[in-house]
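Reading through the structure tokens given below for one structure.
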Amino acid sequence: MNSCPVNLPASRYTRRSMTALPPPMRRIKFLSSFIALTLALHFYIGIRLIPAMHLNESGVSIGIGALALLYVSLFLGVMGRFIKAPKLADPLVWVGMLALGLFSSLFVLTLLRELSLLVVWGAATLLHSAPILTAWRDISAQGVPFFALLLTLVGFVNARSRARVVTVNVPIAGLPVELEGFTIAQISDLHVGPTIKHNYVNAVVDAVNALQADLIAVTGDIVDGRVLDLSRHTQPLSRLSARHGSFFVTGNHEYYSGVAEWITEFERLGMTVLLNRHVVLDHDDAQLLIAGVTDFSGGTFDPSHRSDPALALAGAPTGIVVKVLLAHQPRSAPAAASAGFTLQLSGHTHGGQFLPWNFFVRLQQPFIAGLERLENLWVYTSRGTGYWGPPNRLGAPSEITRLRLTGLPGR
């Protein structure tokens, strides 16, 4: 394995800590906005659903109490994020994230119910049949909490199940014969933290090692918390095994969690950390270049961490056909294409994680999930190997990706 000069030596970043917590005033502003917004939305859900259920006095009290409990659970979960002691923080976050998943489903289904009422009102008006609208208003109000609970349960089971293995063939023009079938195992967005711990990580590592890949790519957002609290839970990553080793790039959540300490920790775990630099691999009688950039937003935390695909390729030997870039966010792709990379591996989007938020991802990112093309660049976006926030996955299953390089027919 040949390495170019390290443009951004990791040792340089162990001198300062980028902490996860925002300044106190920002925290107060965030909490104030959160309290006001979620209170208003819970009130909205209540007034739209509870009267339409035609409950007796006890039923109304239970409905209001359930919404109040949901609201308090959300608040406790957010507060848990600001508590440093994991034994106290983790249970609060667990409760809060489960509540957030349920609240999200309740809110979305309530909005969908509003749209359905408008449609049914139009139909009832045309048919001169008011009872149709009345019946649907009552049935739909009762159906919203039922289906919200059902979706939350299904999403929870999906999220907590070990990520499945997805195999993707990447066709590359002029691929050297020696690189035919070269495999890359990609994991991304594990989000080890309050709800994802040692056992989940251990199972992921076992599945990755079973693939016997030539190279392992770890494309950021692996942690949500400090090294002090999570090192025991990330320790299984030291067992990652591949012919050419494992390579890591930072995601935005590493910057929230103390990026300098995590860079040092990932190196201790045996990963090669690529900070705007590349490594040339000798594979039989062929060469493959693997490069990595800091997260797209890294420069906002530290100007020296500005993401730069061109810099990552600087000084690379000529004539290498396969140049792979690890970049946490898909929106690095235009710069990667301009720099001349062959394949970009990204994560960040979670594929939207659960409906309907997958429809909004493209407002920020050019790609959501899967293999897509940008000029001469292939971009693969992982749906993530873990989850963030609510333990909820609907319509966007988590994945461990096995990418296989293949030559084009008749090359």
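Ordering of the structure tokens sets the chain letters (A, B, ...), residue numbers begin anew at 1 in every chain, and ligands are numbered from 1 in the order given.
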
Residues of segment 221-277 of chain A that have any atom at most 7 Å from an atom of segment 190-211 of chain A: could you tabulate them with the shortest-distance atom pair and the distance in Å to one decimal, using only C-alpha atoms, ordered by chain and increasing number, as a tab-separated table?
residue	atom	partner	partner_atom	distance
A:Asp221	CA	A:His191	CA	5.8
A:Ile222	CA	A:Leu190	CA	4.7
A:Val223	CA	A:His191	CA	4.5
A:Asp224	CA	A:Gly193	CA	4.9
A:Gly225	CA	A:Gly193	CA	5.9
A:Leu230	CA	A:Gly193	CA	6.8
A:His233	CA	A:His198	CA	4.1
A:Thr234	CA	A:His198	CA	6.6
A:Pro236	CA	A:Asn202	CA	5.4
A:Leu237	CA	A:Val205	CA	6.5
A:Arg239	CA	A:Val205	CA	7.0
A:Leu240	CA	A:Val205	CA	6.0
A:Ser241	CA	A:Asn209	CA	5.8

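Neighbouring residues of segment 177-185 of chain A at 7 Å or closer, counting only C-alpha atoms and skipping chain neighbours under 2 positions away, are A:Leu175, A:Ile187, A:Val208, A:Ala213, A:Asp214, A:Leu215, A:Ile216, A:Ala217, A:Asp284, A:Asp285, A:Ala286, A:Thr401, A:Arg402, A:Leu403, A:Arg404, A:Leu405, A:Thr406, A:Gly407.
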
Would you list the contacts of segment 29-40 of chain A as a PDB file with C-alpha atoms, in the first residue's frame, taking every protein, DNA or RNA residue within 12 Å and counting only C-alpha atoms, but skipping same-chain residues closer than 3 positions in sequence?
ATOM      1  CA  PRO A  22     -23.600  24.671  21.760  1.00  0.00           C
ATOM      2  CA  PRO A  23     -23.207  27.846  23.848  1.00  0.00           C
ATOM      3  CA  PRO A  24     -25.767  28.239  26.651  1.00  0.00           C
ATOM      4  CA  MET A  25     -27.750  30.951  24.880  1.00  0.00           C
ATOM      5  CA  ARG A  26     -28.162  28.762  21.797  1.00  0.00           C
ATOM      6  CA  PHE A  43     -52.706  21.091  20.881  1.00  0.00           C
ATOM      7  CA  TYR A  44     -53.529  21.004  17.166  1.00  0.00           C
ATOM      8  CA  ILE A  45     -53.620  17.188  17.106  1.00  0.00           C
ATOM      9  CA  GLY A  46     -55.836  17.156  20.197  1.00  0.00           C
ATOM     10  CA  ILE A  47     -58.468  19.595  18.962  1.00  0.00           C
ATOM     11  CA  LEU A  67     -51.140  13.671  24.536  1.00  0.00           C
ATOM     12  CA  ALA A  68     -49.749  15.410  27.632  1.00  0.00           C
ATOM     13  CA  LEU A  69     -47.638  12.329  28.462  1.00  0.00           C
ATOM     14  CA  LEU A  70     -46.359  12.232  24.892  1.00  0.00           C
ATOM     15  CA  TYR A  71     -45.396  15.898  25.109  1.00  0.00           C
ATOM     16  CA  VAL A  72     -43.608  15.474  28.444  1.00  0.00           C
ATOM     17  CA  SER A  73     -41.744  12.430  27.088  1.00  0.00           C
ATOM     18  CA  LEU A  74     -40.520  14.471  24.130  1.00  0.00           C
ATOM     19  CA  PHE A  75     -39.294  17.211  26.431  1.00  0.00           C
ATOM     20  CA  LEU A  76     -37.462  14.755  28.691  1.00  0.00           C
ATOM     21  CA  GLY A  77     -35.798  13.185  25.662  1.00  0.00           C
ATOM     22  CA  VAL A  78     -34.458  16.540  24.520  1.00  0.00           C
ATOM     23  CA  MET A  79     -33.242  17.349  28.018  1.00  0.00           C
ATOM     24  CA  ARG A  81     -29.284  15.169  25.193  1.00  0.00           C
ATOM     25  CA  PHE A  82     -27.799  17.845  27.447  1.00  0.00           C
ATOM     26  CA  ALA A  99     -42.168   9.531  21.744  1.00  0.00           C
ATOM     27  CA  LEU A 100     -40.765  11.549  18.835  1.00  0.00           C
ATOM     28  CA  PHE A 103     -45.541  12.061  17.553  1.00  0.00           C
ATOM     29  CA  SER A 104     -44.214  12.260  13.983  1.00  0.00           C
ATOM     30  CA  PHE A 107     -48.837  14.589  13.167  1.00  0.00           C
TER      31      PHE A 107
END

- [ ] Looking only at strand (DSSP E) from DSSP on the backbone, list the matching residues of segment 112-340 of chain A as a PyMOL selection string.
- [x] chain A and resi 164-172+183-187+215-218+246-248+272-273+277-283+286-292+323-326

Selected residues written out with N, CA and C atoms, as a tab-separated table (two decimals), in the first residue's frame:
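Saved to again17.tsv:
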chain	number	residue	atom	x	y	z
A	164	ARG	N	-29.45	-5.14	6.92
A	164	ARG	CA	-29.31	-6.20	5.92
A	164	ARG	C	-28.13	-5.89	5.00
A	165	VAL	N	-27.63	-6.91	4.33
A	165	VAL	CA	-26.55	-6.76	3.35
A	165	VAL	C	-27.16	-6.51	1.98
A	166	VAL	N	-26.74	-5.44	1.34
A	166	VAL	CA	-27.19	-5.09	-0.01
A	166	VAL	C	-25.99	-5.18	-0.95
A	167	THR	N	-26.13	-5.93	-2.04
A	167	THR	CA	-25.05	-6.07	-3.01
A	167	THR	C	-25.33	-5.20	-4.23
A	168	VAL	N	-24.34	-4.42	-4.62
A	168	VAL	CA	-24.47	-3.48	-5.74
A	168	VAL	C	-23.29	-3.67	-6.69
A	169	ASN	N	-23.57	-3.89	-7.96
A	169	ASN	CA	-22.52	-3.96	-8.98
A	169	ASN	C	-22.31	-2.58	-9.57
A	170	VAL	N	-21.04	-2.17	-9.64
A	170	VAL	CA	-20.70	-0.86	-10.20
A	170	VAL	C	-19.92	-1.07	-11.49
A	171	PRO	N	-20.52	-0.79	-12.65
A	171	PRO	CA	-19.82	-1.00	-13.93
A	171	PRO	C	-18.85	0.14	-14.23
A	172	ILE	N	-17.62	-0.21	-14.54
A	172	ILE	CA	-16.59	0.80	-14.76
A	172	ILE	C	-15.89	0.53	-16.09
A	183	THR	N	-14.19	-5.93	-4.21
A	183	THR	CA	-15.34	-5.63	-3.36
A	183	THR	C	-15.01	-4.63	-2.27
A	184	ILE	N	-15.96	-3.75	-2.05
A	184	ILE	CA	-15.87	-2.75	-0.99
A	184	ILE	C	-17.09	-2.93	-0.09
A	185	ALA	N	-16.86	-3.14	1.19
A	185	ALA	CA	-17.95	-3.19	2.16
A	185	ALA	C	-18.09	-1.80	2.78
A	186	GLN	N	-19.27	-1.23	2.68
A	186	GLN	CA	-19.50	0.11	3.19
A	186	GLN	C	-20.47	0.08	4.36
A	187	ILE	N	-20.08	0.76	5.45
A	187	ILE	CA	-21.01	1.05	6.54
A	187	ILE	C	-21.02	2.55	6.75
A	215	LEU	N	-11.85	-4.27	0.79
A	215	LEU	CA	-11.66	-2.98	1.45
A	215	LEU	C	-12.94	-2.63	2.19
A	216	ILE	N	-12.80	-1.95	3.32
A	216	ILE	CA	-13.97	-1.51	4.08
A	216	ILE	C	-13.98	0.02	4.11
A	217	ALA	N	-15.12	0.60	3.74
A	217	ALA	CA	-15.30	2.05	3.74
A	217	ALA	C	-16.29	2.43	4.83
A	218	VAL	N	-15.87	3.33	5.71
A	218	VAL	CA	-16.71	3.81	6.82
A	218	VAL	C	-16.96	5.29	6.57
A	246	SER	N	-9.46	-0.92	6.59
A	246	SER	CA	-10.67	-0.10	6.67
A	246	SER	C	-10.28	1.38	6.66
A	247	PHE	N	-11.13	2.18	6.01
A	247	PHE	CA	-10.86	3.61	5.82
A	247	PHE	C	-12.07	4.41	6.30
A	248	PHE	N	-11.79	5.51	6.97
A	248	PHE	CA	-12.82	6.30	7.62
A	248	PHE	C	-12.76	7.76	7.19
A	272	THR	N	-7.77	3.71	8.82
A	272	THR	CA	-7.01	4.78	8.18
A	272	THR	C	-7.96	5.95	7.99
A	273	VAL	N	-7.67	7.06	8.66
A	273	VAL	CA	-8.53	8.24	8.58
A	273	VAL	C	-8.07	9.10	7.41
A	277	ARG	N	-7.20	13.51	1.71
A	277	ARG	CA	-6.00	12.87	1.18
A	277	ARG	C	-6.35	11.52	0.56
A	278	HIS	N	-5.36	10.89	-0.05
A	278	HIS	CA	-5.61	9.61	-0.71
A	278	HIS	C	-4.51	8.61	-0.39
A	279	VAL	N	-4.84	7.35	-0.67
A	279	VAL	CA	-3.90	6.25	-0.55
A	279	VAL	C	-4.00	5.42	-1.83
A	280	VAL	N	-2.89	4.97	-2.36
A	280	VAL	CA	-2.87	4.12	-3.54
A	280	VAL	C	-2.66	2.67	-3.09
A	281	LEU	N	-3.56	1.79	-3.50
A	281	LEU	CA	-3.49	0.38	-3.13
A	281	LEU	C	-2.96	-0.45	-4.29
A	282	ASP	N	-2.05	-1.35	-4.00
A	282	ASP	CA	-1.58	-2.33	-4.98
A	282	ASP	C	-2.42	-3.59	-4.82
A	283	HIS	N	-3.16	-3.93	-5.85
A	283	HIS	CA	-4.03	-5.10	-5.82
A	283	HIS	C	-3.62	-6.02	-6.97
A	286	ALA	N	-2.50	-4.53	-10.37
A	286	ALA	CA	-3.21	-3.29	-10.68
A	286	ALA	C	-3.19	-2.37	-9.47
A	287	GLN	N	-3.58	-1.12	-9.70
A	287	GLN	CA	-3.64	-0.14	-8.62
A	287	GLN	C	-5.04	0.45	-8.54
A	288	LEU	N	-5.42	0.79	-7.32
A	288	LEU	CA	-6.70	1.46	-7.06
A	288	LEU	C	-6.44	2.58	-6.07
A	289	LEU	N	-7.06	3.72	-6.31
A	289	LEU	CA	-6.87	4.87	-5.41
A	289	LEU	C	-8.11	5.02	-4.54
A	290	ILE	N	-7.87	5.13	-3.24
A	290	ILE	CA	-8.95	5.38	-2.29
A	290	ILE	C	-8.66	6.71	-1.60
A	291	ALA	N	-9.61	7.64	-1.67
A	291	ALA	CA	-9.43	8.98	-1.10
A	291	ALA	C	-10.60	9.29	-0.19
A	292	GLY	N	-10.41	10.29	0.64
A	292	GLY	CA	-11.49	10.70	1.53
A	292	GLY	C	-11.44	12.18	1.81
A	323	LYS	N	-10.67	5.48	-9.16
A	323	LYS	CA	-10.40	6.44	-8.09
A	323	LYS	C	-11.68	6.59	-7.27
A	324	VAL	N	-11.63	6.07	-6.05
A	324	VAL	CA	-12.81	6.04	-5.18
A	324	VAL	C	-12.71	7.14	-4.13
A	325	LEU	N	-13.78	7.90	-3.97
A	325	LEU	CA	-13.81	8.96	-2.96
A	325	LEU	C	-14.84	8.61	-1.89
A	326	LEU	N	-14.43	8.67	-0.64
A	326	LEU	CA	-15.34	8.55	0.49
A	326	LEU	C	-15.71	9.97	0.93

TODO: Using only C-alpha atoms, determine which residues lie at most 10 Å from segment 349-363 of chain A, disregarding the query and same-chain residues fewer than 6 positions distant; provide the list as a PyMOL selection string.
DONE: chain A and resi 101+104-105+108+151-152+155+159+188-189+328-330+369-370+381-399

- [ ] Enumerate the residues of segment 180-379 of chain A with a DSSP assignment of alpha helix (DSSP H), computed from the backbone, and present them as a PyMOL selection string.
- [x] chain A and resi 198-210+227-234+252-256+259-268+298-301+309-313+333-339
